[in-house]
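Engineer: Provided herewith is a single structure, encoded as structure tokens, for subsequent inquiry.
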Amino acid sequence: MRILITGGAGFIGSHLAETLLDQGHDVAVLDDFSTGQFQNIRHLEPHRHFTWVLGSVRDERVVGPLVRRADVVFHLAAAVGVRLVVDAPIHTIDTNVGGSETVLRHAKASGALVVIASTSEVYGKGIQLPFREDADLVLGPPHKCRWGYAASKLIDEFLALAYWKEHRLPTIVVRFFNTVGPRQNSRYGMVLPNFVRQALANEPITIHGDGSQTRSFTWVGDVVGALTSLMAERQAFGQVFNVGNNHEVAIRDLAQMVKTIARSSSDLHFVPYSKVWDAHFEDMPRRVPDITKIRALVGFEPRVQLPDIIKRTLAYWRRADGEPAVAASRQVRSLGTPEYAATGAAL
Ligand SMILES: NC(=O)c1ccc[n+]([C@@H]2O[C@H](COP(=O)([O-])OP(=O)(O)OC[C@H]3O[C@@H](n4cnc5c(N)ncnc54)[C@H](O)[C@@H]3O)[C@@H](O)[C@H]2O)c1
């Protein structure tokens with residue numbers, strides 16, 4: 001099949017591209033290299049079934065032809081990470097809502113299956129745990145910027161399901177829960193890469209709040225497996241699926257585990273939220289998925305558990321010895337207007 005991955009030079013997208021190529025598919029990546037980077041896909045360049053395009057999902061001229069060529073679109077391009085979302089709320093909403101709208105509109109003309117990446121953030125302050133896909137969603141008020149990310153992704157979900165309902169365009173929504181693994185960028189407030197880097201440098205491991213907030217961490221390979229399974233399942237059309245590991249861990253316990261496994265001399269350093277974000281910042285106290293639905297449909301089972309996730313992430317950062325720099329000019333450009341678009345390789 002011909003597959004387009006928007007955001008394919010990012011963390012999850014680059015792993016997905018590798019797997020799809022291994023499975024014999026033809027893969028095109030569209031990315032603006034804002035939080036993703038060319039290094040993530042450089043090794044795929046020689047593959048004869050792989051192409052990449054530098055451009056924005058906000059640019060009709062780029063998205064239209066790429067979507068028309070595709071049988072399946074994995075729409076992963078988004079403004080990602082709490083830091084970016086708090087610092088650039090307009091950019092976040094514009095990229096996430098505008099990007100999905102553009103992709104879906106062009107897919108409607110071609111009939112391509114669109115898999116939309118959403119997030120556990122949409123569960124907001126929900127108190128019925130584990131989170132089920134049909135749960136009521138409780139978001140904070142709009143003056144608290146972090147909820148702009150959840151709200152924008154929620155609009156994406158509504159749009160995707162509306163295209164299925166009104167136009168019978170096949171769409172699938174996946175809600176990712178803290179996905180981790182190699183190539184994840186630590187710059188935008190992602191907790192595990194930050195802990196790992198701090199532990200390896202024997203610097204204080206900084207925990208926001210008292211660390212009692214919980215999260216559930218999923219190995220990127222498990223997420224990719226879920227995506228490729230769903231793609232082949234017609235009963236998934238018009239549906240929302242949690243994609244995550246249902247093992248829950250408190251963030252202070254995670255920090256301690258990283259410290260122990262890394263044999264680090266780091267101290268655990270607790271920082272009040274108000275010092276990291278602003279006085280309005282709200283965190284989610286718990287986050288754990290109910291994965292009954294995706295398990296029942298495609299037999300999804302997370303295979304890699306937290307101790308191994310930490311060991312593998314440590315091994316990656318030991319090898320990587322830091323992240324290759326993302327060109328600052330590219331970040332600035334993508335935060336501004338999306339009018340640029342360049343072809344990185346022949347289509
Ligand atoms: N990693 C997680 O834990 C997690 C959790 C929930 C949801 N998600 C969602 O999964 C998707 C992938 O996230 P990721 O963790 O791989 O992050 P990532 O930042 O590595 O990937 C996002 C990619 O989108 C690209 N991009 C951003 N704006 C773009 C634009 N306008 N045009 C083209 N490309 C653009 C970035 O350069 C990057 O390569 C996102 O939609 C994100 O919201 C991820």
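For the structure tokens, the naming scheme is as follows: chains receive sequential letters (A, B, ...) according to their order of presentation, residues are indexed from 1 within each chain, and ligands are indexed from 1 in presentation order.
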Go through the chains and note each residue within 8 Å of ligand 1, using only C-alpha atoms and all ligand atoms, then give the set as a VMD selection string.

Structural biologist: chain A and resid 6 to 14 30 to 37 54 to 58 75 to 81 95 to 96 99 116 to 121 153 175 to 180 183 to 185 190 334 338

Engineer: What parts of region 254-311 of chain A does DSSP call helix (DSSP H, G or I)? I'd like the answer as a list of chain:residue names.

Structural biologist: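 Taking region 254-311 of chain A and keeping helix (DSSP H, G or I) gives A:Leu254, A:Ala255, A:Gln256, A:Met257, A:Val258, A:Lys259, A:Thr260, A:Ile261, A:Ala262, A:Tyr273, A:Ser274, A:Lys275, A:Val276, A:Thr292, A:Lys293, A:Ile294, A:Arg295, A:Ala296, A:Leu297, A:Val298, A:Leu306, A:Pro307, A:Asp308, A:Ile309, A:Ile310, A:Lys311.
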
Engineer: Looking at A:Gln256, A:Ser100, A:Gln128, A:Asn40, which one is nearest to Val196 (chain A), with distances taken over only C-alpha atoms?

Structural biologist: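 Looking at the shortest contact to Val196 (chain A), the residue is A:Gln256.
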
Engineer: Skipping near chain neighbours, those fewer than 3 positions away, what residues fall within 8 Å of Met231 (chain A) using only C-alpha atoms, listed as a VMD selection string?

Structural biologist: chain A and resid 72 115 227 to 228 234 236

Engineer: Excluding Tyr123 (chain A) and any residue of its chain fewer than 2 positions from it, enumerate the residues within 8 Å of it, using only C-alpha atoms, and give them as a count of residues only.

Structural biologist: 10

Engineer: Can you write out as a Markdown table which residues of region 36-144 of chain A fall within 12 Å of region 293-303 of chain A, alongside each residue's closest atom pair and its distance in Å to one decimal, counting only C-alpha atoms and ordering rows by chain and ascending residue number?

Structural biologist:
| residue | atom | partner | partner_atom | distance |
| --- | --- | --- | --- | --- |
| A:Phe131 | CA | A:Lys293 | CA | 11.3 |
| A:Arg132 | CA | A:Lys293 | CA | 8.5 |
| A:Glu133 | CA | A:Lys293 | CA | 8.2 |
| A:Asp134 | CA | A:Lys293 | CA | 10.4 |

Engineer: Kindly provide the residues of region 111-184 of chain A that approach region 88-91 of chain A to within 9 Å, each paired with its closest atom pair and their distance in Å to one decimal, based on only C-alpha atoms, listed by chain and increasing number, as CSV.

Structural biologist:
residue,atom,partner,partner_atom,distance
A:Cys145,CA,A:Pro89,CA,6.5
A:Arg146,CA,A:Pro89,CA,8.1
A:Gly148,CA,A:Pro89,CA,6.7
A:Tyr149,CA,A:Pro89,CA,7.9

Engineer: Take the residues from that selection and put them in a file with N, CA and C atoms, as a compact mmCIF listing (two decimals), in the first residue's frame.

Structural biologist:
# COMPACT_ATOMS: atom_id res chain seq x y z
N CYS A 145 -3.59 27.52 29.50
CA CYS A 145 -3.16 27.20 28.13
C CYS A 145 -3.00 25.72 27.86
N ARG A 146 -2.57 24.95 28.84
CA ARG A 146 -2.24 23.56 28.56
C ARG A 146 -3.45 22.80 28.00
N GLY A 148 -5.42 23.82 25.84
CA GLY A 148 -5.56 24.10 24.41
C GLY A 148 -5.09 22.92 23.57
N TYR A 149 -4.09 22.20 24.06
CA TYR A 149 -3.60 21.01 23.33
C TYR A 149 -4.68 19.94 23.32

Engineer: From region 175-335 of chain A, collect each residue whose DSSP state is strand (DSSP E or B) and return the set as a ChimeraX atom specification.

Structural biologist: /A:175-176,179-180,205-208,214-215,218-219,239-243,249-250,268-271,289

Engineer: Could you turn the residues from that selection into a file that holds C-alpha atoms, as an mmCIF file, in the first residue's frame?

Structural biologist:
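Saved the output as again-v1.cif:
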data_model
loop_
_atom_site.group_PDB
_atom_site.id
_atom_site.type_symbol
_atom_site.label_atom_id
_atom_site.label_comp_id
_atom_site.auth_asym_id
_atom_site.auth_seq_id
_atom_site.Cartn_x
_atom_site.Cartn_y
_atom_site.Cartn_z
ATOM 1 C CA ARG A 175 -5.323 8.175 21.816
ATOM 2 C CA PHE A 176 -1.666 7.694 22.747
ATOM 3 C CA THR A 179 4.838 6.794 24.383
ATOM 4 C CA VAL A 180 8.569 6.430 24.946
ATOM 5 C CA ILE A 205 16.301 14.585 38.628
ATOM 6 C CA THR A 206 13.639 17.282 38.581
ATOM 7 C CA ILE A 207 10.130 16.219 39.541
ATOM 8 C CA HIS A 208 7.279 18.652 39.075
ATOM 9 C CA THR A 214 0.799 8.973 37.818
ATOM 10 C CA ARG A 215 1.419 8.148 34.178
ATOM 11 C CA THR A 218 4.205 2.604 26.430
ATOM 12 C CA TRP A 219 7.119 1.356 24.378
ATOM 13 C CA GLN A 239 -13.831 4.393 16.176
ATOM 14 C CA VAL A 240 -11.621 5.792 18.927
ATOM 15 C CA PHE A 241 -8.972 3.585 20.582
ATOM 16 C CA ASN A 242 -6.731 4.010 23.584
ATOM 17 C CA VAL A 243 -3.203 2.933 22.716
ATOM 18 C CA VAL A 249 3.441 4.539 37.970
ATOM 19 C CA ALA A 250 3.817 7.620 40.186
ATOM 20 C CA LEU A 268 15.508 13.707 43.398
ATOM 21 C CA HIS A 269 14.633 17.395 43.229
ATOM 22 C CA PHE A 270 10.997 18.448 43.703
ATOM 23 C CA VAL A 271 10.046 21.681 41.938
ATOM 24 C CA PRO A 289 -5.793 3.612 29.867
#

Engineer: Name all residues at most 9 Å from Ala201 (chain A) (count only C-alpha atoms; drop same-chain ones fewer than 5 positions away) and give them as a PyMOL selection string.

Structural biologist: chain A and resi 196+264-266

Engineer: Quick one: write out the picked residues with N, CA and C atoms as a PDB file, in the first residue's frame?

Structural biologist:
ATOM      1  N   VAL A 196      16.064  10.440  32.299  1.00  0.00           N
ATOM      2  CA  VAL A 196      17.187   9.607  31.866  1.00  0.00           C
ATOM      3  C   VAL A 196      18.434  10.464  31.631  1.00  0.00           C
ATOM      4  N   SER A 264      22.768   5.884  39.196  1.00  0.00           N
ATOM      5  CA  SER A 264      23.128   7.307  39.179  1.00  0.00           C
ATOM      6  C   SER A 264      23.256   7.844  40.601  1.00  0.00           C
ATOM      7  N   SER A 265      24.056   8.866  40.762  1.00  0.00           N
ATOM      8  CA  SER A 265      24.164   9.521  42.073  1.00  0.00           C
ATOM      9  C   SER A 265      23.253  10.751  42.152  1.00  0.00           C
ATOM     10  N   SER A 266      22.379  10.923  41.175  1.00  0.00           N
ATOM     11  CA  SER A 266      21.471  12.080  41.164  1.00  0.00           C
ATOM     12  C   SER A 266      20.590  12.117  42.400  1.00  0.00           C
TER      13      SER A 266
END

Engineer: Give me, please, the distance in Å between CA of Leu159 (chain A) and CA of Val67 (chain A), quoted to one decimal.

Structural biologist: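 So the answer is 17.0 Å.
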
Engineer: Quick one, how far is CA of Tyr163 (chain A) from CA of Val63 (chain A)?

Structural biologist: 17.5 Å

Engineer: A:Val85, A:Met284, A:Leu20, A:Ile261: which is nearest Asp308 (chain A), counting only C-alpha atoms?

Structural biologist: A:Ile261

Engineer: Expressed in Å to a single decimal, how great is the separation between CA of Gly24 (chain A) and CA of Asp71 (chain A)?

Structural biologist: 13.9 Å

Engineer: Any idea what's packed within 8 Å of Pro170 (chain A), counting only C-alpha atoms, ignoring anything in its chain fewer than 2 positions away? Could you give it as a PyMOL selection string?

Structural biologist: chain A and resi 111-114+163-164+168+172+237-238

Engineer: Near Arg319 (chain A), within 12 Å and counting only C-alpha atoms, which residues show up once chain neighbours fewer than 6 positions away are dropped, as a list in words?

Structural biologist: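 With the cut-off at 12 Å, the set is Pro182, Arg183, Arg197, Leu200, Arg312 and Thr313 of chain A.
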
Engineer: Based on the selection just made, write N, CA and C atoms of those residues as a PDB file, in the first residue's frame.

Structural biologist:
ATOM      1  N   PRO A 182      13.573   5.323  21.746  1.00  0.00           N
ATOM      2  CA  PRO A 182      14.636   6.062  21.071  1.00  0.00           C
ATOM      3  C   PRO A 182      14.082   7.172  20.190  1.00  0.00           C
ATOM      4  N   ARG A 183      14.841   8.230  20.083  1.00  0.00           N
ATOM      5  CA  ARG A 183      14.544   9.407  19.244  1.00  0.00           C
ATOM      6  C   ARG A 183      13.515  10.347  19.855  1.00  0.00           C
ATOM      7  N   ARG A 197      18.253  11.569  30.977  1.00  0.00           N
ATOM      8  CA  ARG A 197      19.403  12.444  30.707  1.00  0.00           C
ATOM      9  C   ARG A 197      19.981  12.996  31.998  1.00  0.00           C
ATOM     10  N   LEU A 200      21.856  10.156  33.824  1.00  0.00           N
ATOM     11  CA  LEU A 200      23.141   9.816  33.203  1.00  0.00           C
ATOM     12  C   LEU A 200      24.201  10.881  33.479  1.00  0.00           C
ATOM     13  N   ARG A 312      16.077   0.226  28.126  1.00  0.00           N
ATOM     14  CA  ARG A 312      16.279   0.486  26.690  1.00  0.00           C
ATOM     15  C   ARG A 312      16.482   1.985  26.434  1.00  0.00           C
ATOM     16  N   THR A 313      15.724   2.797  27.172  1.00  0.00           N
ATOM     17  CA  THR A 313      15.858   4.249  26.968  1.00  0.00           C
ATOM     18  C   THR A 313      17.236   4.718  27.448  1.00  0.00           C
TER      19      THR A 313
END

Engineer: With only C-alpha atoms as the atoms that count, which of A:Met257, A:Ile309, A:Val29, A:Leu314 lies nearest to Gly221 (chain A)?

Structural biologist: A:Ile309
